[in-house]
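Asks: Before anything else, here's the structure in question.
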Amino acid sequence: MEAERRPAPGPPSEGLFADGHLILWTLCSVLLPVFITFWCSLQRSRRQLHRRDIFRKSKHGWRDTDLFSQPTYCCVCAQHILRGAFCDCCGLRVDEDCLKKADKRFQCKEIMLKNDSKVLDAMPHHWIRGNVPLCSYCMVCKQQCGSQPKLCDYRCIWCQKTVHDECMKHSLKNEKCDFGEFKNLIIPPSYLTSINQMRKDKKTDYEVLASKLGKQWTPLIILANSRSGTNMGEGLLGEFRILLNPVQIFDVTKTPPIKALQLCTLLPYYSARVLVCGGDGTVGWVLDAVDDMKIKGQEKYIPQVAVLPLGTGNDLSNTLGWGAGYAGEIPVAQVLRNVMEADGIKLDRWKVQVTNKGYYNLRKPKEFTMNNYFSVGPDALMALNFHAHREKAPSLFSSRILNKAVYLFYGTKDCLVQECKDLNKKVELELDGERVALPNLEGMMMVYWKLLEYMGLSTVLRFK
């Protein structure tokens with residue numbers, strides 16, 4: 001029986017050519033949508049990238065807004081605008097198209113004066129025109145400013161005083177700025193200029209400069225945590241920059257407290273105050289930095305600490321009279337007044353040592369500082385889980401009520417899972433050489449807690 005004839009196979013190049021077409025079309029079908037998506041996202045973010053570039057090259061801190069909170073006029077073209085950009089240091093408000101012109105035409109707050117400035121107590125006003133605060137009054141004629149529907153009247157970005165256009169022409173040509181209501185909290189640019197010159201000359205007698213500013217001068221440093229509690233820290237930073245010198249304002253998520261507090265070393269002894277905007281964890285972070293200043297021999301520069309409660313619990317703040325939580329119910333100017341009126345008290349701080357229990361333990365004991373309390377067991381586990389989730393997704397924790405709901409979730413979970421069962425049988429607590437019974441404690445690790453030594457007193461501010 002003859003075998004069936006089969007068609008002869010084609011040349012190998014035809015199969016490779018077909019495979020090449022298939023690979024090419026597959027790559028096009030995959031890469032083309034990716035390229036289109038990337039191009040669209042690049043077009044959408046062009047404006048944001050342009051603003052960031054201007055921010056890096058300029059002293060202005062431009063921030064975008066979709067709707068201004070009051071009738072607003074562009075400082076360049078004088079047109080009425082609903083959206084645009086504003087500087088969170090000097091308060092300039094401009095349209096999107098006028099941003100480059102505003103950045104070149106208007107100078108922001110001067111952190112330091114030029115080298116040819118020799119007079120410490122003769123700071124001139126720094127006026128910007130238009131968009132004065134609502135219900136503001138002229139410092140000359142005492143009549144309301146900003147009442148006309150146009151770009152009119154002036155505001156000094158240092159003393160916050162306002163004046164009419166007509167009064168400016170006739171009365172305030174040679175007026176000097178006294179820094180207004182918060183002059184005792186502001187670090188003047190001329191002071192930093194003089195300090196810079198003294199450091200070049202290797203001089204450290206800052207008391208001579210401070211004597212010209214008065215005995216009531218207690219400069220304030222703002223340390224805000226933009227991730228605490230309701231995520232209000234970023235907005236508060238801008239409001240404080242408008243009222244104070246921008247050099248006094250720090251975001252602790254970008255500049256650690258130990259670095260920010262080095263500004264105190266440029267100020268007279270025992271004069272500085274610090275306002276911590278955050279929760280108990282942020283306050284503890286700042287107080288640890290204060291302890292580091294003691295170790296470095298900078299006891300004379302240690303500041304007094306006040307608290308603006310932005311966290312979830314805020315136990316220390318509530319104990320010191322600053323309230324259980326801040327949600328913008330009082331203006332920032334009133335917060336500064338409260339700091340000026342606060343009294344200093346002493347706060348106990350202890351060092352706590354944690355070691356593993358056993359004869360062959362080679363691990364180094366862990367040490368940390370306690371302000372008013374520390375936790376062992378379910379409540380500590382709940383706080384740790386909350387902190388870990390907030391570090392992963394800080395934008396989700398923007399409400400104090402939502403944060404407490406997350407705490408409730410982890411507390412309910414621990415009641416069911418009981419990860420800290422029989423901790424009271426595995427933990428020993430020693431206080432000043434004496435063991436303390438822990439009948440209601442629960443947990444899993446064999447640890448040994450000991451209040452190692454008394455760290456001393458830190459000065460904090462209490463508001464009555």
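Here, A, B, ... name the chains of the structure tokens in the order displayed, residue numbers run from 1 inside each chain, and ligands are numbered from 1 in the same displayed order.
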When DSSP works through the backbone of this structure, what residues of stretch 180-365 of chain A end up as strand (DSSP E or B), shown as a PyMOL selection string?

Replies: chain A and resi 220-224+249-251+273-278+304-309+343-356

Asks: Excluding stretch 253-260 of chain A and its own-chain neighbours fewer than 4 positions away, which residues fall within 9 Å of it when counting only C-alpha atoms? Please give them as a list in words.

Replies: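 My list of contacting residues is Ile221, Leu223, Ala224, Asn225, Ser226, Arg227, Gln248, Ile249, Cys264, Trp285, Val286, Leu287, Asp288, Ala289, Val290, Asp292 and Met293 of chain A.
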
Asks: For the residues in that selection, give me N, CA and C atoms as a PDB file, in the first residue's frame.

Replies:
```
ATOM      1  N   ILE A 221       9.613  79.079  68.210  1.00  0.00           N
ATOM      2  CA  ILE A 221       9.912  78.144  67.130  1.00  0.00           C
ATOM      3  C   ILE A 221       8.740  77.181  66.990  1.00  0.00           C
ATOM      4  N   LEU A 223       7.243  73.717  65.603  1.00  0.00           N
ATOM      5  CA  LEU A 223       7.551  72.375  65.125  1.00  0.00           C
ATOM      6  C   LEU A 223       6.229  71.650  64.909  1.00  0.00           C
ATOM      7  N   ALA A 224       5.859  71.453  63.664  1.00  0.00           N
ATOM      8  CA  ALA A 224       4.561  70.852  63.335  1.00  0.00           C
ATOM      9  C   ALA A 224       4.764  69.516  62.638  1.00  0.00           C
ATOM     10  N   ASN A 225       3.909  68.565  62.987  1.00  0.00           N
ATOM     11  CA  ASN A 225       3.902  67.253  62.342  1.00  0.00           C
ATOM     12  C   ASN A 225       2.722  67.218  61.375  1.00  0.00           C
ATOM     13  N   SER A 226       3.017  67.219  60.084  1.00  0.00           N
ATOM     14  CA  SER A 226       1.956  67.278  59.077  1.00  0.00           C
ATOM     15  C   SER A 226       1.153  65.985  59.005  1.00  0.00           C
ATOM     16  N   ARG A 227       1.595  64.910  59.692  1.00  0.00           N
ATOM     17  CA  ARG A 227       0.880  63.641  59.654  1.00  0.00           C
ATOM     18  C   ARG A 227       0.054  63.379  60.905  1.00  0.00           C
ATOM     19  N   GLN A 248      11.469  80.385  61.392  1.00  0.00           N
ATOM     20  CA  GLN A 248      11.066  79.827  62.680  1.00  0.00           C
ATOM     21  C   GLN A 248      10.137  78.626  62.544  1.00  0.00           C
ATOM     22  N   ILE A 249       9.722  78.281  61.337  1.00  0.00           N
ATOM     23  CA  ILE A 249       8.700  77.258  61.120  1.00  0.00           C
ATOM     24  C   ILE A 249       9.363  76.004  60.547  1.00  0.00           C
ATOM     25  N   CYS A 264      17.902  77.472  68.407  1.00  0.00           N
ATOM     26  CA  CYS A 264      17.944  78.031  69.771  1.00  0.00           C
ATOM     27  C   CYS A 264      19.345  78.480  70.149  1.00  0.00           C
ATOM     28  N   TRP A 285       8.930  63.150  70.944  1.00  0.00           N
ATOM     29  CA  TRP A 285      10.048  63.265  70.000  1.00  0.00           C
ATOM     30  C   TRP A 285      10.822  64.556  70.246  1.00  0.00           C
ATOM     31  N   VAL A 286      10.097  65.656  70.449  1.00  0.00           N
ATOM     32  CA  VAL A 286      10.747  66.947  70.683  1.00  0.00           C
ATOM     33  C   VAL A 286      11.449  66.952  72.043  1.00  0.00           C
ATOM     34  N   LEU A 287      10.818  66.386  73.055  1.00  0.00           N
ATOM     35  CA  LEU A 287      11.449  66.355  74.376  1.00  0.00           C
ATOM     36  C   LEU A 287      12.702  65.475  74.372  1.00  0.00           C
ATOM     37  N   ASP A 288      12.711  64.431  73.569  1.00  0.00           N
ATOM     38  CA  ASP A 288      13.929  63.633  73.420  1.00  0.00           C
ATOM     39  C   ASP A 288      15.044  64.463  72.789  1.00  0.00           C
ATOM     40  N   ALA A 289      14.676  65.319  71.823  1.00  0.00           N
ATOM     41  CA  ALA A 289      15.673  66.206  71.226  1.00  0.00           C
ATOM     42  C   ALA A 289      16.193  67.210  72.247  1.00  0.00           C
ATOM     43  N   VAL A 290      15.321  67.655  73.156  1.00  0.00           N
ATOM     44  CA  VAL A 290      15.757  68.551  74.231  1.00  0.00           C
ATOM     45  C   VAL A 290      16.769  67.844  75.131  1.00  0.00           C
ATOM     46  N   ASP A 292      18.805  65.536  74.186  1.00  0.00           N
ATOM     47  CA  ASP A 292      20.055  65.483  73.422  1.00  0.00           C
ATOM     48  C   ASP A 292      20.821  66.796  73.507  1.00  0.00           C
ATOM     49  N   MET A 293      20.102  67.908  73.604  1.00  0.00           N
ATOM     50  CA  MET A 293      20.771  69.196  73.788  1.00  0.00           C
ATOM     51  C   MET A 293      21.492  69.235  75.130  1.00  0.00           C
TER      52      MET A 293
END
```

Asks: Fewer than 3 positions away in the same chain doesn't count, so skip those; otherwise give me all residues within 10 Å of A:Asp205, counting only C-alpha atoms, as a list in words.

Replies: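 In the requested format, the answer is Ile195, Met198, Arg199, Lys202, Val208, Leu209, Ala210, Leu266, Leu267 and Pro268 of chain A.
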
Asks: Pull N, CA and C atoms from the residues just selected and write them as a PDB file, in the first residue's frame.

Replies:
```pdb
ATOM      1  N   ILE A 195      23.682  88.280  63.590  1.00  0.00           N
ATOM      2  CA  ILE A 195      24.227  87.025  64.111  1.00  0.00           C
ATOM      3  C   ILE A 195      25.185  86.407  63.100  1.00  0.00           C
ATOM      4  N   MET A 198      28.389  88.226  63.283  1.00  0.00           N
ATOM      5  CA  MET A 198      29.127  87.911  64.512  1.00  0.00           C
ATOM      6  C   MET A 198      29.788  86.541  64.430  1.00  0.00           C
ATOM      7  N   ARG A 199      29.121  85.588  63.816  1.00  0.00           N
ATOM      8  CA  ARG A 199      29.712  84.257  63.674  1.00  0.00           C
ATOM      9  C   ARG A 199      30.940  84.294  62.767  1.00  0.00           C
ATOM     10  N   LYS A 202      33.643  85.399  64.786  1.00  0.00           N
ATOM     11  CA  LYS A 202      33.875  84.486  65.911  1.00  0.00           C
ATOM     12  C   LYS A 202      33.494  85.122  67.239  1.00  0.00           C
ATOM     13  N   VAL A 208      23.886  91.209  73.698  1.00  0.00           N
ATOM     14  CA  VAL A 208      23.919  92.623  73.310  1.00  0.00           C
ATOM     15  C   VAL A 208      22.861  92.910  72.256  1.00  0.00           C
ATOM     16  N   LEU A 209      22.721  92.016  71.276  1.00  0.00           N
ATOM     17  CA  LEU A 209      21.695  92.197  70.253  1.00  0.00           C
ATOM     18  C   LEU A 209      20.301  92.052  70.839  1.00  0.00           C
ATOM     19  N   ALA A 210      20.130  91.080  71.736  1.00  0.00           N
ATOM     20  CA  ALA A 210      18.805  90.844  72.310  1.00  0.00           C
ATOM     21  C   ALA A 210      18.350  91.991  73.189  1.00  0.00           C
ATOM     22  N   LEU A 266      21.318  80.152  68.491  1.00  0.00           N
ATOM     23  CA  LEU A 266      21.568  81.498  67.966  1.00  0.00           C
ATOM     24  C   LEU A 266      20.788  82.554  68.729  1.00  0.00           C
ATOM     25  N   LEU A 267      20.101  82.148  69.776  1.00  0.00           N
ATOM     26  CA  LEU A 267      19.269  83.050  70.556  1.00  0.00           C
ATOM     27  C   LEU A 267      19.870  83.224  71.951  1.00  0.00           C
ATOM     28  N   PRO A 268      19.457  84.247  72.676  1.00  0.00           N
ATOM     29  CA  PRO A 268      19.983  84.438  74.034  1.00  0.00           C
ATOM     30  C   PRO A 268      19.627  83.272  74.951  1.00  0.00           C
TER      31      PRO A 268
END
```

Asks: Could you check which of A:Cys75, A:Arg63, A:Gln107, A:Leu347 is closest to A:Glu234, using only C-alpha atoms?

Replies: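 Using only C-alpha atoms, the shortest distance to A:Glu234 belongs to A:Arg63.
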
Asks: Name the closest residue to A:Val335 among the candidates A:Asp251, A:Asp280, A:Asp414, A:Glu239; distances are taken between atoms, counting only C-alpha atoms.

Replies: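 Closest candidate: A:Glu239.
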
Asks: Please provide as a ChimeraX atom specification all residues within 12 Å of stretch 187-194 of chain A, with the sequence filter that same-chain residues fewer than 5 positions apart are discarded (counting only C-alpha atoms).

Replies: /A:109-124,158-159,177-180,182,199-201,203-213,217-221,241,243-249,263-264,266-268,271-273

Asks: Env of A:Cys145: 9 Å cut, atoms = only C-alpha atoms, seq-sep filter 2 positions within chain, self excluded. Answer as a short mmCIF file (atom, residue, chain, number, x, y, z; two decimals) with N, CA and C atoms, in the first residue's frame.

Replies:
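Writing the result to result_32.cif gives the following:
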```cif
data_model
loop_
_atom_site.label_atom_id
_atom_site.label_comp_id
_atom_site.auth_asym_id
_atom_site.auth_seq_id
_atom_site.Cartn_x
_atom_site.Cartn_y
_atom_site.Cartn_z
N VAL A 132 -6.65 92.31 51.47
CA VAL A 132 -6.43 92.47 52.91
C VAL A 132 -7.44 91.61 53.66
N PRO A 133 -7.16 91.22 54.88
CA PRO A 133 -8.10 90.39 55.64
C PRO A 133 -9.44 91.08 55.84
N LEU A 134 -10.48 90.27 55.95
CA LEU A 134 -11.81 90.81 56.19
C LEU A 134 -11.87 91.51 57.54
N CYS A 135 -12.67 92.57 57.62
CA CYS A 135 -12.87 93.34 58.86
C CYS A 135 -11.56 93.91 59.38
N SER A 136 -10.67 94.33 58.48
CA SER A 136 -9.44 95.00 58.90
C SER A 136 -9.62 96.51 58.76
N TYR A 137 -8.88 97.26 59.56
CA TYR A 137 -9.05 98.71 59.62
C TYR A 137 -7.73 99.41 59.37
N CYS A 138 -7.82 100.58 58.77
CA CYS A 138 -6.64 101.37 58.42
C CYS A 138 -5.96 101.86 59.69
N LYS A 142 -8.43 104.72 60.74
CA LYS A 142 -9.25 103.80 61.54
C LYS A 142 -10.54 103.38 60.83
N GLN A 143 -10.61 103.56 59.51
CA GLN A 143 -11.77 103.11 58.75
C GLN A 143 -11.49 101.73 58.13
N SER A 147 -12.91 97.34 51.40
CA SER A 147 -14.36 97.34 51.18
C SER A 147 -14.75 97.53 49.72
N GLN A 148 -13.83 97.96 48.87
CA GLN A 148 -14.15 98.19 47.46
C GLN A 148 -13.92 96.91 46.66
N CYS A 152 -7.19 96.80 46.04
CA CYS A 152 -6.98 98.08 46.70
C CYS A 152 -6.41 97.87 48.09
N ASP A 153 -5.83 98.93 48.65
CA ASP A 153 -5.29 99.00 50.01
C ASP A 153 -4.08 98.08 50.18
N TYR A 154 -3.38 98.26 51.30
CA TYR A 154 -2.11 97.59 51.52
C TYR A 154 -2.10 96.86 52.87
N THR A 162 -2.91 97.22 58.16
CA THR A 162 -3.47 97.56 56.86
C THR A 162 -3.64 99.07 56.75
N VAL A 163 -3.65 99.58 55.51
CA VAL A 163 -3.76 101.01 55.29
C VAL A 163 -4.41 101.25 53.93
N HIS A 164 -5.18 102.33 53.82
CA HIS A 164 -5.81 102.72 52.56
C HIS A 164 -4.77 103.22 51.56
#
```

Asks: My list of candidates is A:Lys300, A:Phe240, A:Phe409, A:Gln418. Which is closest to A:Gln334 when distances are computed with only C-alpha atoms?

Replies: A:Phe240

Asks: Can you tell me which residues surround A:Arg93 at a distance of at most 10 Å, considering only C-alpha atoms, apart from same-chain residues fewer than 4 positions away, and format the answer as a list in words?

Replies: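 Listing them by chain and then by number gives Trp62, Arg63, Asp64, Phe68, Thr72, Tyr73, Cys74, Cys75, Val76, Ile81, Arg83, Gly84, Ala85, Phe86, Cys87, Asp88, Cys98, Leu99, Ala102, Gly130 and Asn131 of chain A.
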